[in-house]
Amino acid sequence: MSEHLPPTIDPVAAARWHAMVPQASPWLHEEVARRMQDRLQWIVKPPAAWCDWDPVRGGIEGHALVGQRFAQAASHIAETSSPAGEAAAQAHFGKAWWSPARWSSAAPRFGVPPDGGVQMLWSNMALHMAADPQALIARWHKALAVDGYLMFSCLGPDTLRELRALYAALDWPAPGHAMTDMHDWGDMLVQAGFAEPVMDMERIVLTFATPARLLQELRGLGRNLHPQRFTALRGRRWHANLEQALAERLADARQGGQLALTFEIVYGHAFKPTPRVRMEGSSAVALQDMRDMLRAGRHRER
């Protein structure tokens, strides 16, 4: 585990959440994946190989969109959430021997790619649920080849601001763990060895006809990983009070009286530069990094 972990994420609760396998990717995740893949049009050199990190929850349809854009590239599917998640990824993305699609394009490779094995790593809506995000970013950096690039999205601190205000007004514990600001994500990328991180954000407002529908959607998007969350089971009376409070406080006249929730979406992009050796009396360099430096040197000589 990294030295500095998110102060409001319970690692045990996070592990339980990741072990749950959704039947389908959440609508919001698919929408964010669609918006993020639009940004790939600015990529000049397409990757020879790319990796989708935890795509079952991150966006099954989004994976297909990226695959269509980079149809000639080899694809890796790294479903690291749980063994059940790996099986679900095989079922969703594996191509049966009799399928015409198996012969029209390369079959995906399952598992974490080898060190330096891909030129693009794609991660949609995963980082904000990681108990050790710095370790996860380091794994991404390790999988990328030199000059490869990272594309990711996650939720930002303005997410569920209406729900957080409601809980605070009722003197209830926070409804969710705190989200990291995009500038802090940029700092973590630099610390992990990435270069020139570009961060931006947008807000998406979702509306719901009823409190029950709102709560149903939230259950699919995540869980409360806060260490000080209420750990026992809530009663029916509390649940009824929650639905009443949602109906009274989240109704938005601008949205036709529907219940409105804000989601802050953070987008990040960075690339992996040629590693530099810090010269000391004695310096240790990873074998893969040494190969990358020698390869880069040969390119410059030509």
# chains A, B, ... in the order shown; residues from 1 in each chain; ligands from 1

call {"tool": "select_by_dssp", "arguments": {"residues": "region 160-224 of chain A", "states": "helix (DSSP H, G or I)", "output": "short mmCIF file (atom, residue, chain, number, x, y, z; two decimals) with C-alpha atoms, in the first residue's frame"}}
result
data_model
loop_
_atom_site.label_atom_id
_atom_site.label_comp_id
_atom_site.auth_asym_id
_atom_site.auth_seq_id
_atom_site.Cartn_x
_atom_site.Cartn_y
_atom_site.Cartn_z
CA ARG A 161 -23.42 17.97 -3.70
CA GLU A 162 -27.22 18.09 -3.27
CA LEU A 163 -27.25 14.78 -1.40
CA ARG A 164 -24.31 15.78 0.80
CA ALA A 165 -26.08 19.02 1.74
CA LEU A 166 -29.25 17.09 2.58
CA TYR A 167 -27.38 14.66 4.87
CA ALA A 168 -25.56 17.54 6.58
CA ALA A 169 -28.83 19.41 7.16
CA MET A 182 -8.48 17.07 -10.38
CA HIS A 183 -5.37 19.09 -9.48
CA ASP A 184 -4.43 16.46 -6.88
CA TRP A 185 -4.84 13.74 -9.52
CA GLY A 186 -2.43 15.70 -11.70
CA ASP A 187 0.12 15.80 -8.87
CA MET A 188 -0.21 12.02 -8.38
CA LEU A 189 0.38 11.42 -12.08
CA VAL A 190 3.62 13.41 -11.97
CA GLN A 191 4.75 11.58 -8.82
CA PRO A 211 -36.75 8.92 -4.86
CA ALA A 212 -36.87 5.15 -5.39
CA ARG A 213 -35.51 5.52 -8.92
CA LEU A 214 -32.78 7.87 -7.70
CA LEU A 215 -31.64 5.43 -5.02
CA GLN A 216 -31.69 2.55 -7.48
CA GLU A 217 -29.33 4.44 -9.79
CA LEU A 218 -26.96 5.34 -6.96
CA ARG A 219 -26.68 1.69 -5.89
CA GLY A 220 -25.40 0.84 -9.34
CA LEU A 221 -22.86 3.67 -9.37
#

call {"tool": "residues_around", "arguments": {"residues": "region 133-139 of chain A", "least_positions_apart": "5", "cutoff": "12 Å", "atoms": "only C-alpha atoms", "output": "ChimeraX atom specification"}}
result
/A:1-7,9,11,14,53-54,78,80-81,112-116,121-123,126-128,144,150-152,154,179-180,184-194,268,270,272

call {"tool": "atom_distance", "arguments": {"atom1": "CA of Pro47 (chain A)", "atom2": "CA of Val118 (chain A)"}}
result
7.5 Å

call {"tool": "closest_atom_pairs", "arguments": {"of": "region 193-293 of chain A", "to": "region 20-35 of chain A", "cutoff": "12 Å", "atoms": "only C-alpha atoms", "output": "tab-separated table"}}
result
residue	atom	partner	partner_atom	distance
A:Met201	CA	A:Val32	CA	11.2
A:Glu202	CA	A:Val32	CA	10.3
A:Arg203	CA	A:Val32	CA	10.9
A:Ile204	CA	A:Leu28	CA	9.1
A:Val205	CA	A:Leu28	CA	10.4
A:Leu206	CA	A:Leu28	CA	8.9
A:Thr207	CA	A:Leu28	CA	12.0
A:Gln216	CA	A:Pro26	CA	11.0
A:Glu217	CA	A:Pro26	CA	8.1
A:Leu218	CA	A:Pro26	CA	9.6
A:Arg219	CA	A:Pro26	CA	9.9
A:Gly220	CA	A:Pro26	CA	6.3
A:Leu221	CA	A:Pro26	CA	6.4
A:Gly222	CA	A:Pro26	CA	9.8
A:Arg223	CA	A:Met20	CA	11.0
A:Thr262	CA	A:Leu28	CA	11.6
A:Phe263	CA	A:Leu28	CA	9.3
A:Glu264	CA	A:Val32	CA	10.8
A:Ile265	CA	A:Val32	CA	7.8
A:Val266	CA	A:Val32	CA	9.7
A:Tyr267	CA	A:Val32	CA	9.3
